Structures are given as C-alpha cells and as structure tokens.
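As stored in start-v9.txt (compact mmCIF, C-alpha atoms):
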```txt
# COMPACT_ATOMS: atom_id res chain seq x y z
CA MET A 1 11.47 19.61 57.09
CA PRO A 2 10.16 20.93 60.40
CA ILE A 3 7.39 19.17 62.24
CA ALA A 4 4.07 20.58 61.08
CA ALA A 5 3.10 23.36 63.46
CA ARG A 6 -0.21 23.39 65.25
CA ARG A 7 -2.42 26.41 64.99
CA SER A 8 -1.63 29.54 66.96
CA LEU A 9 -4.42 32.03 66.47
CA VAL A 10 -2.76 34.32 68.97
CA ALA A 11 0.13 35.71 66.96
CA GLY A 12 -0.62 39.14 65.62
CA LEU A 13 -4.30 39.14 66.49
CA SER A 14 -5.66 42.52 67.47
CA ALA A 15 -8.45 42.96 69.98
CA SER A 16 -10.66 44.28 67.19
CA LEU A 17 -10.41 40.94 65.37
CA LEU A 18 -10.62 38.33 68.11
CA LEU A 19 -11.99 38.15 71.64
CA ALA A 20 -9.26 37.81 74.26
CA ALA A 21 -9.19 35.17 76.98
CA THR A 22 -8.92 36.19 80.63
CA GLY A 23 -5.93 34.88 82.61
CA CYS A 24 -5.15 34.38 86.28
CA GLY A 25 -1.99 35.37 88.06
CA ALA A 26 1.11 33.43 86.99
CA GLY A 27 2.55 30.94 89.44
CA ALA A 28 -0.66 30.22 91.37
CA THR A 29 -1.89 26.69 91.97
CA THR A 30 -5.67 26.48 92.11
CA ALA A 31 -7.90 23.66 93.35
CA ALA A 32 -11.39 23.07 91.96
CA GLY A 33 -14.27 20.92 93.17
CA SER A 34 -13.98 17.89 95.46
CA SER A 35 -13.01 14.26 94.87
CA ALA A 36 -14.16 13.06 98.29
CA ASP A 37 -17.38 11.49 97.09
CA LEU A 38 -15.97 9.59 94.10
CA LYS A 39 -16.93 5.94 93.97
CA PRO A 40 -14.38 3.35 92.80
CA ALA A 41 -14.50 2.20 89.20
CA PRO A 42 -15.22 -1.47 88.43
CA ALA A 43 -12.25 -3.82 88.70
CA ALA A 44 -11.77 -3.93 84.93
CA GLN A 45 -11.16 -0.18 84.97
CA ARG A 46 -9.01 0.02 88.09
CA LEU A 47 -5.51 1.14 87.14
CA ASP A 48 -3.80 1.42 90.53
CA LYS A 49 -2.00 -1.93 90.45
CA VAL A 50 -0.70 -1.74 86.89
CA CYS A 51 -0.19 1.93 85.97
CA PRO A 52 2.00 4.70 87.38
CA ALA A 53 0.49 6.48 90.37
CA THR A 54 0.12 9.48 88.05
CA VAL A 55 -0.47 8.88 84.34
CA VAL A 56 1.27 11.80 82.64
CA VAL A 57 0.06 12.92 79.22
CA GLN A 58 2.06 15.43 77.19
CA ALA A 59 -0.19 17.39 74.83
CA ASP A 60 1.13 18.68 71.52
CA TRP A 61 -0.51 22.06 71.94
CA GLU A 62 -2.40 24.38 74.28
CA PRO A 63 -5.71 23.07 75.74
CA GLU A 64 -8.39 22.61 73.07
CA ALA A 65 -11.38 20.43 72.27
CA GLU A 66 -9.33 18.06 70.11
CA HIS A 67 -7.81 16.89 73.41
CA GLY A 68 -11.29 16.40 74.86
CA PRO A 69 -11.13 12.61 75.40
CA ILE A 70 -8.07 13.10 77.62
CA TYR A 71 -9.36 16.11 79.59
CA ASN A 72 -12.56 14.11 80.04
CA LEU A 73 -10.53 11.76 82.25
CA VAL A 74 -9.68 14.52 84.76
CA GLY A 75 -11.99 14.24 87.72
CA PRO A 76 -13.22 16.69 90.37
CA GLY A 77 -10.75 18.10 92.85
CA TYR A 78 -8.19 18.76 90.15
CA THR A 79 -5.37 21.22 90.73
CA VAL A 80 -3.98 23.65 88.18
CA ASP A 81 -0.29 24.53 88.07
CA THR A 82 -0.40 27.92 86.35
CA ASP A 83 3.38 28.16 86.31
CA LYS A 84 4.14 24.86 84.53
CA LYS A 85 0.76 24.79 82.73
CA ARG A 86 -0.40 21.42 84.03
CA VAL A 87 -3.66 20.07 85.41
CA THR A 88 -3.67 17.09 87.79
CA GLY A 89 -6.63 15.21 89.21
CA PRO A 90 -8.09 11.77 89.84
CA LEU A 91 -8.29 9.73 86.64
CA VAL A 92 -11.99 8.97 86.34
CA ILE A 93 -14.18 7.11 83.89
CA GLY A 94 -17.95 7.39 84.01
CA GLY A 95 -17.54 9.57 87.09
CA LYS A 96 -15.73 6.81 89.00
CA ASP A 97 -12.19 6.70 90.35
CA THR A 98 -9.71 4.37 88.63
CA GLY A 99 -7.30 4.57 91.56
CA VAL A 100 -4.61 6.70 89.93
CA LYS A 101 -4.17 10.33 89.03
CA ILE A 102 -3.82 11.89 85.60
CA GLN A 103 -1.69 14.90 84.76
CA VAL A 104 -2.17 16.64 81.41
CA ARG A 105 0.67 18.94 80.43
CA ALA A 106 0.11 21.69 77.91
CA GLY A 107 2.30 21.81 74.83
CA GLY A 108 3.12 24.82 72.68
CA SER A 109 4.54 27.73 74.66
CA ALA A 110 4.60 25.69 77.90
CA VAL A 111 7.42 23.51 76.53
CA GLY A 112 9.12 26.04 74.28
CA PHE A 113 7.24 24.64 71.26
CA GLN A 114 9.18 21.37 71.47
CA SER A 115 7.57 18.23 70.07
CA PRO A 116 5.90 15.70 72.39
CA ALA A 117 8.33 13.01 71.17
CA SER A 118 11.31 15.08 72.27
CA GLN A 119 9.64 15.86 75.61
CA MET A 120 9.02 12.14 76.18
CA TYR A 121 12.73 11.45 75.84
CA ILE A 122 13.75 14.42 78.00
CA ASP A 123 11.33 13.44 80.78
CA GLN A 124 10.65 9.72 80.95
CA SER A 125 7.96 10.19 83.59
CA ILE A 126 5.67 11.07 80.67
CA THR A 127 3.44 8.06 80.03
CA LEU A 128 1.77 9.17 76.79
CA GLY A 129 2.45 11.91 74.27
CA MET A 130 0.24 13.25 71.50
CA VAL A 131 2.19 12.56 68.30
CA THR A 132 0.80 12.91 64.77
CA THR A 133 1.84 10.16 62.33
CA ASP A 134 4.11 12.34 60.18
CA SER A 135 5.82 13.61 63.34
CA ALA A 136 6.34 10.01 64.48
CA ILE A 137 7.98 9.23 61.13
CA GLN A 138 10.22 12.25 61.55
CA ALA A 139 11.18 11.24 65.11
CA ALA A 140 11.72 7.54 64.35
CA GLY A 141 15.49 7.82 63.89
CA LYS A 142 16.38 9.23 67.32
CA GLN A 143 13.15 9.43 69.34
CA PRO A 144 10.98 6.50 68.22
CA VAL A 145 7.42 6.38 69.50
CA THR A 146 4.59 3.93 68.97
CA ALA A 147 0.97 5.06 68.95
CA VAL A 148 -1.38 2.97 71.09
CA ALA A 149 -4.65 4.90 70.71
CA ALA A 150 -5.93 7.35 68.10
CA LEU A 151 -7.10 10.55 69.76
CA MET A 152 -8.93 11.42 66.53
CA LYS A 153 -9.93 9.33 63.53
CA LYS A 154 -8.76 11.91 61.00
CA SER A 155 -7.16 15.32 60.82
CA PRO A 156 -9.22 18.50 61.19
CA GLN A 157 -6.78 20.37 58.90
CA VAL A 158 -8.50 22.16 56.01
CA LEU A 159 -8.03 24.58 53.19
CA MET A 160 -10.68 27.29 53.52
CA TRP A 161 -12.00 29.98 51.21
CA ASP A 162 -14.60 32.73 50.85
CA PRO A 163 -17.72 31.28 49.17
CA LYS A 164 -18.82 34.71 47.93
CA THR A 165 -15.54 35.34 46.10
CA HIS A 166 -15.32 31.75 44.86
CA PRO A 167 -18.85 30.35 44.47
CA ASP A 168 -17.51 27.73 42.05
CA TRP A 169 -15.03 26.21 44.52
CA GLN A 170 -16.15 22.99 46.19
CA THR A 171 -12.88 21.10 46.63
CA VAL A 172 -9.12 21.53 46.93
CA ALA A 173 -8.87 20.44 43.30
CA ASP A 174 -10.98 23.47 42.32
CA ILE A 175 -8.47 25.71 44.10
CA GLY A 176 -5.67 24.09 42.13
CA LYS A 177 -7.42 24.67 38.82
CA SER A 178 -7.97 28.35 39.63
CA GLY A 179 -4.32 29.26 40.14
CA ALA A 180 -5.18 31.20 43.34
CA LYS A 181 -2.60 31.56 46.09
CA VAL A 182 -2.68 28.94 48.85
CA VAL A 183 -1.47 30.61 52.03
CA TYR A 184 -0.06 28.21 54.62
CA ARG A 185 2.55 28.07 57.37
CA ASP A 186 5.94 27.18 55.94
CA GLY A 187 6.91 23.65 56.96
CA GLU A 188 3.42 22.13 56.88
CA ILE A 189 3.88 18.72 55.26
CA PHE A 190 0.48 18.76 53.58
CA ALA A 191 1.66 21.45 51.14
CA PRO A 192 4.23 19.33 49.24
CA MET A 193 1.78 16.43 49.48
CA LEU A 194 -0.87 18.43 47.61
CA VAL A 195 1.69 19.33 44.97
CA SER A 196 2.87 15.72 44.61
CA LYS A 197 -0.73 14.62 44.06
CA GLY A 198 -1.26 17.25 41.39
CA LEU A 199 -4.00 18.99 43.36
CA ILE A 200 -2.12 22.28 43.80
CA LYS A 201 0.63 23.78 41.66
CA LYS A 202 3.89 24.60 43.39
CA SER A 203 3.62 28.16 42.05
CA GLN A 204 0.42 28.61 44.07
CA LEU A 205 2.05 27.94 47.43
CA ASP A 206 2.65 30.89 49.73
CA GLY A 207 4.25 29.84 53.03
CA SER A 208 3.86 33.21 54.76
CA TYR A 209 0.83 32.40 56.92
CA ASP A 210 1.35 33.82 60.43
CA SER A 211 -1.98 32.64 61.94
CA ALA A 212 -3.48 36.14 61.92
CA PRO A 213 -6.76 36.61 60.02
CA SER A 214 -5.80 39.99 58.59
CA ARG A 215 -4.60 38.73 55.22
CA PHE A 216 -7.69 36.63 54.52
CA VAL A 217 -9.93 39.51 55.60
CA ALA A 218 -8.08 41.92 53.30
CA ASP A 219 -7.75 39.53 50.35
CA PRO A 220 -10.53 36.93 50.15
CA SER A 221 -9.25 35.75 46.78
CA ILE A 222 -6.77 33.45 48.55
CA ALA A 223 -7.21 29.98 49.97
CA GLN A 224 -5.84 29.57 53.50
CA GLN A 225 -5.00 26.73 55.85
CA GLY A 226 -7.09 26.23 58.95
CA PHE A 227 -8.90 23.71 61.12
CA ALA A 228 -12.50 22.60 60.68
CA THR A 229 -12.74 22.71 64.46
CA ALA A 230 -11.88 26.41 64.78
CA GLU A 231 -11.69 28.78 61.82
CA PRO A 232 -15.26 28.37 60.51
CA TYR A 233 -16.59 29.35 63.94
CA LEU A 234 -14.02 32.06 64.60
CA TYR A 235 -14.44 33.79 61.25
CA GLU A 236 -18.22 33.79 61.52
CA HIS A 237 -18.59 34.63 65.21
CA GLU A 238 -15.43 36.08 66.76
CA ILE A 239 -13.43 37.80 64.03
CA THR A 240 -15.48 40.96 63.84
CA ALA A 241 -13.82 42.22 60.66
CA TRP A 242 -15.26 39.18 58.82
CA ASN A 243 -18.38 37.87 60.65
CA LYS A 244 -19.63 35.60 57.89
CA PRO A 245 -19.25 31.97 56.85
CA VAL A 246 -16.28 30.39 55.11
CA LYS A 247 -16.18 27.11 53.19
CA PHE A 248 -13.54 24.41 53.37
CA GLN A 249 -12.49 20.89 52.50
CA LEU A 250 -10.82 18.51 54.95
CA LEU A 251 -7.31 17.61 53.85
CA ALA A 252 -7.98 14.13 55.21
CA ASP A 253 -10.28 13.71 52.22
CA VAL A 254 -7.50 14.41 49.71
CA GLY A 255 -4.65 12.30 51.04
CA TYR A 256 -3.60 13.73 54.41
CA THR A 257 -3.99 10.28 55.95
CA VAL A 258 -2.23 10.88 59.29
CA TYR A 259 -3.68 10.13 62.69
CA PRO A 260 -3.46 13.51 64.45
CA GLN A 261 -2.17 13.69 68.01
CA ALA A 262 -2.16 9.89 68.40
CA LEU A 263 -1.50 8.83 71.99
CA SER A 264 1.98 7.32 71.90
CA VAL A 265 4.62 5.80 74.15
CA ARG A 266 8.37 5.63 73.78
CA THR A 267 8.88 2.53 71.66
CA GLY A 268 11.45 1.15 74.08
CA ALA A 269 8.98 1.45 76.96
CA LEU A 270 6.16 -0.40 75.21
CA THR A 271 6.82 -3.78 76.82
CA LYS A 272 7.22 -2.32 80.31
CA LEU A 273 4.00 -0.30 79.99
CA SER A 274 1.98 -3.14 78.44
CA PRO A 275 0.24 -4.24 81.67
CA CYS A 276 -0.90 -0.65 82.19
CA LEU A 277 -1.87 -0.09 78.56
CA LYS A 278 -4.05 -3.21 78.49
CA LYS A 279 -6.36 -1.51 80.99
CA LEU A 280 -5.65 2.16 80.29
CA VAL A 281 -6.30 2.15 76.53
CA PRO A 282 -9.87 0.78 76.85
CA VAL A 283 -10.50 3.46 79.51
CA ILE A 284 -9.30 6.09 77.02
CA GLN A 285 -11.54 4.57 74.35
CA GLN A 286 -14.55 4.80 76.65
CA SER A 287 -13.65 8.38 77.52
CA ALA A 288 -13.52 9.25 73.82
CA ALA A 289 -16.97 7.75 73.27
CA ASP A 290 -18.29 9.54 76.37
CA PHE A 291 -16.81 12.86 75.24
CA ALA A 292 -18.39 12.50 71.79
CA ALA A 293 -21.79 11.97 73.40
CA ALA A 294 -21.52 14.58 76.17
CA PRO A 295 -18.57 16.99 75.82
CA ASP A 296 -19.67 19.75 78.22
CA THR A 297 -17.68 18.64 81.28
CA ALA A 298 -14.39 18.45 79.38
CA ILE A 299 -15.05 21.71 77.51
CA THR A 300 -15.78 23.48 80.80
CA LEU A 301 -12.51 22.17 82.24
CA ILE A 302 -10.60 23.27 79.13
CA ASP A 303 -12.15 26.73 79.40
CA ASP A 304 -11.17 26.91 83.06
CA ILE A 305 -7.53 25.97 82.60
CA VAL A 306 -7.05 28.18 79.53
CA LYS A 307 -8.13 31.13 81.64
CA GLN A 308 -6.02 30.06 84.61
CA TYR A 309 -2.90 29.47 82.51
CA GLY A 310 -3.19 33.06 81.30
CA THR A 311 -0.94 32.62 78.26
CA SER A 312 -1.40 34.29 74.88
CA TRP A 313 -3.42 31.27 73.71
CA VAL A 314 -6.91 32.50 72.79
CA TYR A 315 -9.61 29.83 73.02
CA SER A 316 -13.19 30.66 73.93
CA LYS A 317 -15.69 28.23 75.39
CA GLY A 318 -17.83 28.82 72.30
CA THR A 319 -14.99 27.61 70.09
CA GLY A 320 -14.61 24.50 72.22
CA GLN A 321 -18.32 23.71 72.09
CA TYR A 322 -18.37 24.20 68.33
CA ALA A 323 -15.29 22.03 67.89
CA ALA A 324 -16.70 19.16 69.93
CA LYS A 325 -19.85 19.05 67.77
CA GLU A 326 -17.95 19.39 64.48
CA MET A 327 -15.55 16.59 65.39
CA VAL A 328 -18.46 14.17 65.54
CA LYS A 329 -20.37 15.68 62.62
CA LEU A 330 -17.37 15.50 60.27
CA GLY A 331 -16.12 12.11 61.45
CA ILE A 332 -12.94 13.59 62.94
CA LEU A 333 -13.87 11.74 66.11
CA GLY A 334 -15.54 8.45 65.29
CA ASN A 335 -15.34 4.69 64.97
CA GLU A 336 -13.01 2.89 62.61
CA ALA A 337 -14.34 0.33 60.13
CA ASP A 338 -14.28 -2.38 62.81
CA GLY A 339 -16.70 -0.36 64.93
CA SER A 340 -14.21 0.56 67.63
CA ILE A 341 -13.08 4.03 68.61
CA ALA A 342 -9.40 5.06 68.93
CA SER A 343 -8.16 2.13 66.84
CA PHE A 344 -5.88 2.38 63.80
CA ASP A 345 -6.45 1.36 60.20
CA GLU A 346 -3.09 -0.30 59.54
CA LYS A 347 -3.32 0.42 55.81
CA ARG A 348 -3.74 4.12 56.52
CA VAL A 349 -0.65 4.12 58.72
CA ALA A 350 1.28 2.35 55.96
CA ASP A 351 -0.04 4.83 53.38
CA SER A 352 1.11 7.73 55.59
CA LEU A 353 4.59 6.23 55.78
CA LYS A 354 4.65 5.72 52.02
CA THR A 355 3.44 9.26 51.33
CA PHE A 356 5.27 11.32 53.94
CA GLY A 357 8.47 9.32 54.40
CA PRO A 358 9.88 10.43 51.02
CA ILE A 359 8.76 14.04 51.57
CA LEU A 360 10.49 14.14 54.95
CA ALA A 361 13.59 12.42 53.55
CA GLU A 362 13.78 14.99 50.77
CA GLY A 363 13.77 17.66 53.48
CA GLY A 364 16.77 16.08 55.20
CA VAL A 365 15.13 13.75 57.73
CA LYS A 366 16.89 10.40 58.11
CA ILE A 367 14.23 7.68 58.04
CA PRO A 368 15.38 4.40 59.61
CA ALA A 369 15.78 1.59 57.11
CA GLY A 370 12.92 -0.87 57.37
CA LEU A 371 10.62 1.45 59.32
CA SER A 372 7.15 -0.07 59.11
CA ALA A 373 3.58 0.77 60.01
CA ASP A 374 3.85 -1.69 62.92
CA ASP A 375 6.64 0.43 64.37
CA LEU A 376 4.45 3.54 64.26
CA ALA A 377 1.14 2.26 65.65
CA THR A 378 -0.39 -0.81 67.28
CA ASN A 379 -3.92 -2.06 67.99
CA GLU A 380 -2.60 -4.49 70.59
CA PHE A 381 -4.39 -2.78 73.47
CA ILE A 382 -7.61 -1.78 71.70
CA ASP A 383 -10.90 -3.23 72.89
CA THR A 384 -12.85 -3.69 69.65
CA GLU A 385 -16.12 -3.74 71.61
CA ILE A 386 -15.81 -0.08 72.64
CA GLY A 387 -17.13 2.47 70.17
CA MET A 388 -19.47 5.40 69.69
CA LYS A 389 -23.13 4.46 69.68
```

Could the structure of this file be written out as structure tokens, please?
Amino acid sequence: MPIAARRSLVAGLSASLLLAATGCGAGATTAAGSSADLKPAPAAQRLDKVCPATVVVQADWEPEAEHGPIYNLVGPGYTVDTDKKRVTGPLVIGGKDTGVKIQVRAGGSAVGFQSPASQMYIDQSITLGMVTTDSAIQAAGKQPVTAVAALMKKSPQVLMWDPKTHPDWQTVADIGKSGAKVVYRDGEIFAPMLVSKGLIKKSQLDGSYDSAPSRFVADPSIAQQGFATAEPYLYEHEITAWNKPVKFQLLADVGYTVYPQALSVRTGALTKLSPCLKKLVPVIQQSAADFAAAPDTAITLIDDIVKQYGTSWVYSKGTGQYAAKEMVKLGILGNEADGSIASFDEKRVADSLKTFGPILAEGGVKIPAGLSADDLATNEFIDTEIGMK
C-alpha cells in the first residue's frame, strides 16, 4: 500500500474556487532580514560543538503551519533557494543564536513526491526527516528510521461533512450508519482502518478524491477526507463556491493513532547523532512550545517562502494563522500525559504498529520480524520539564 499522501489542494483548483498564491522568479536566491545583532544562546542551548554546522530537516510536504515548530527555529538573515525550495538561516531559540544553521527543505513537488525516509537514505546530510508512524512502519524493512521528537501530538486528518445536509451526523460512526459515500484519496491507510474497526462499510469507500473541492460543492451528501487545520477555513473563507462552515471529526479520535510528521533520524545514525540530539531535541521542544504560544513569526516566514518558491502549492497566510490556532485548540499540538511537549506515548506507538502493520502487510509491505515500538520512536532525548504552559 502506498504511503499515505499529504494534502494537495492545488490539483484541479480553479481560480473561482480558491485564491492563488503569488510566486517569485524561479532560480533566485533571496536574503531577508539581518542576523548581525543576534545574541548567543545560553550554553545549554548551544549546538555548535555537538551538531552539524547546518542541521538539515527534510519536510514531508510543502511549507505549512503543521511544520511551525521547525520554521520557528529559522532566524533572521535567512536565505531562500527558490530553485531547490530550501530555506537556510541561523538556528535560533528565543531569538538567540545556537551557533549552527538550520536548513528546512520542502517536500512534495520539490523532491518528486518521494518520502522523507527515502530522501534521508539518498542524502545522508539530512539530519532529521518528518516521518509519520505508519510511513516509518512501511519503511522499516529497507529504510529504517527512529523518531526522536513528535512534531504534533496527534493527526489533523478528519472526515468532514455538510452540517445542513446531515444535521444528525456528529461522528464518523454516524457516517458509517448512514451508508453515505466516503470520498478519500486511494492509498490512505485510515480507510481500511475505519473498515476494520466497523466504523465504515467497505462499500462506502470511494478512493477517487483528487483534492479539488468541486465534488463536495456539487454533492454535499458525501463525507470527504480533509485536515482540521485547513479545510474548515478554506471552505468557509476561500472556496467561494461554498463559503459556509463544514463539520468534522478527527480521525485521531477513532483509532488513527499515528504521530504525524515525527522528527526522525536514520536508525543506523542514532548513536552517532546522540550527542547532538541530547541538546537539539530540547531546543525543538522549546520551539514547539514557543510556536504554540506565539506563532506569528513562523507563519510569516512560511507565507514568505511559499510565495518565493512559486510552485503550484496554494497556502494563504490566513490558512496558516487559522491552522496554528486550531492545532492548539484541538490538541493537535500539545503536551503528552507526562506534561512534556514532543514526547511519545509508547503505548500509542505500539498500538499503531499493531493496527497498521497488518494493513500494510496485506498490501504487500514486508514488515521486519520483531519490529517493535522502540525501533520506531524513542524518548531518550526528551526533556520532560519542557511543555506548553
């Protein structure tokens, strides 16, 4: 079964349905701001003696608010490579210089829609990649990765519907009882999961979703996949043929237990990177907490680079601002039970392996014998004292 695709609200969208982003000329490298006045970070947050001179992060998709804790680390004076779709700048925390640079590389079209795990094995200069738990299970046979920090606590994936057409729907289970079509992108692993749990009938599944809003607009009797961090805002504010609210339920609440876009290293490089990770992961945790409290700087940067990259990826600043607020409101970005941010619930990782391993195996993926939750994620580098206030 293919790796679950991230959203692409660009395919097939007409200008009458969605506002277009403005792009800069391809191939240009643009500088922004100045890093001259940055003060050094405290010793505990200095990374220059233990980490690579440039910490390289491979994103799983185009720039978006879900990546906010990472873009929040990019300091002033950053440069934008509009050809390779990369942003590089001083790695800062709390506005102070950690002594190294950070480079965030866009995924999606920038890498030919290849997975972060595969990119990490093609280019071993990549320090961290954003790999969702089910994708890590899929890659474990040939491209094993171990997650060291959770970029988000739970997935923003949803099933959404029109509340006017279906005033009686409150949950995914209600959709299943109705017999309505569930339109999703073929290959999304949550679909067979919902069937296996008895929440949706197999006959309801329609894997023809192409990311365009036209079908939902024309036929509001369906349920459709989406993201709590995007579609509710887009359908109400930017898709002019709809311009009204939708309702949804998070799939995380009905068994989609994965950690989305978890920051991961090549498993074989874990020991070598450990001295770096011991200091870098707490910095990432603090950045996540800072982003949750004050997302504007990162959202502004994301808006800037989306425009400069000039690809077909459509992502307005309004969407980013909405997403940042919803992530906190819905607990998509938040503390784990131990009070720390970016840590893993080991039982959840084990549950994901138990749930999605068999589904992937049935689709032809060879799961290594004895693969365990400890292979997929570790809390070794987490500072349990760092969390959202």

Using atom CA of A:Gly176 and atom CA of A:Ser221 as the two end points, give the distance in Å to one decimal.
->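 Pair atom CA of A:Gly176 / atom CA of A:Ser221 returns 13.1 Å.
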
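Residues in contact with A:Ser264 at up to 8 Å, not including ones fewer than 4 positions away on its chain and judged by only C-alpha atoms, are A:Leu128, A:Gly129, A:Met130, A:Val131, A:Val145, A:Thr146, A:Ala147, A:Val148, A:Ala149.
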
Using only C-alpha atoms, which of the listed residues (A:Leu47, A:Ala140, A:Leu234, A:Ala369) sits closest to A:Ile102?
->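 Under the stated criterion, the closest residue is A:Leu47.
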
Between A:Met152, A:Leu251, A:Ile359, A:Ala212, which is the closest to A:Ser343 once you count all atoms listed in the file?
->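 The closest residue to A:Ser343 is A:Met152.
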
From the list A:Tyr233, A:Pro76, A:Arg46, A:Gly357, which residue is nearest A:Glu326 when using all atoms listed in the file?
->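 Once distances to A:Glu326 are computed over all atoms listed in the file, the minimum belongs to A:Tyr233.
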
Mind listing whatever residues come within 9 Å of the point (-6.5, 11.2, 84.2)? Use only C-alpha atoms, file coordinates, and give them as a PyMOL selection string.
-> chain A and resi 54-57+70-75+88-93+98+100-104

Record the distance separating atom CA of A:Pro116 and atom CA of A:Tyr78, expressed in Å with one decimal.
->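 If I compute the distance from atom CA of A:Pro116 to atom CA of A:Tyr78, I get 22.9 Å.
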
Might you pull out every residue within 12 Å of A:Val328, with only C-alpha atoms counted and same-chain residues fewer than 3 positions away left off, and present them as a count of residues only?
-> 30

Quick one: pull the distance between atom CA of A:Cys276 and atom CA of A:Lys39, Å, one decimal.
->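 Straight-line distance from atom CA of A:Cys276 to atom CA of A:Lys39 works out to 21.0 Å.
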
Which of A:Tyr259, A:Phe227, A:Phe190, A:Trp61 sits closest to A:Val158 [using all atoms listed in the file] | A:Phe227

A:His166 proximity check over A:Ala223, A:Val217, A:Val349, A:Val281, using all atoms listed in the file: winner is A:Ala223

Please report, as JSON, the centre and edge lengths in Å to one decimal of an axis-aligned box covering all listed atoms of stretch 289-292 of chain A with 8 Å per side.
```
{"center_x": -17.6, "center_y": 10.3, "center_z": 74.1, "size_x": 17.6, "size_y": 21.1, "size_z": 20.6}
```

Counting all atoms listed in the file, the residue of A:Gly77, A:Thr133, A:Arg105, A:Leu376 that sits nearest A:Arg266 = A:Leu376

Can you pull out every residue within 8 Å of stretch 336-340 of chain A, counting only C-alpha atoms, but drop anything in the same chain fewer than 6 positions away, and send it as a ChimeraX atom specification?
-> /A:153,383-388

Store the residues picked out above, limited to C-alpha atoms, as a short mmCIF file (atom, residue, chain, number, x, y, z; two decimals), in the frame of the given file.
```
data_model
loop_
_atom_site.label_atom_id
_atom_site.label_comp_id
_atom_site.auth_asym_id
_atom_site.auth_seq_id
_atom_site.Cartn_x
_atom_site.Cartn_y
_atom_site.Cartn_z
CA LYS A 153 -9.93 9.33 63.53
CA ASP A 383 -10.90 -3.23 72.89
CA THR A 384 -12.85 -3.69 69.65
CA GLU A 385 -16.12 -3.74 71.61
CA ILE A 386 -15.81 -0.08 72.64
CA GLY A 387 -17.13 2.47 70.17
CA MET A 388 -19.47 5.40 69.69
#
```

Write out as a PyMOL selection string the residues lying within 9 Å of A:Val172, counting all atoms listed in the file and excluding same-chain residues fewer than 4 positions away.
-> chain A and resi 159-160+176-177+194+199-200+248-251+254
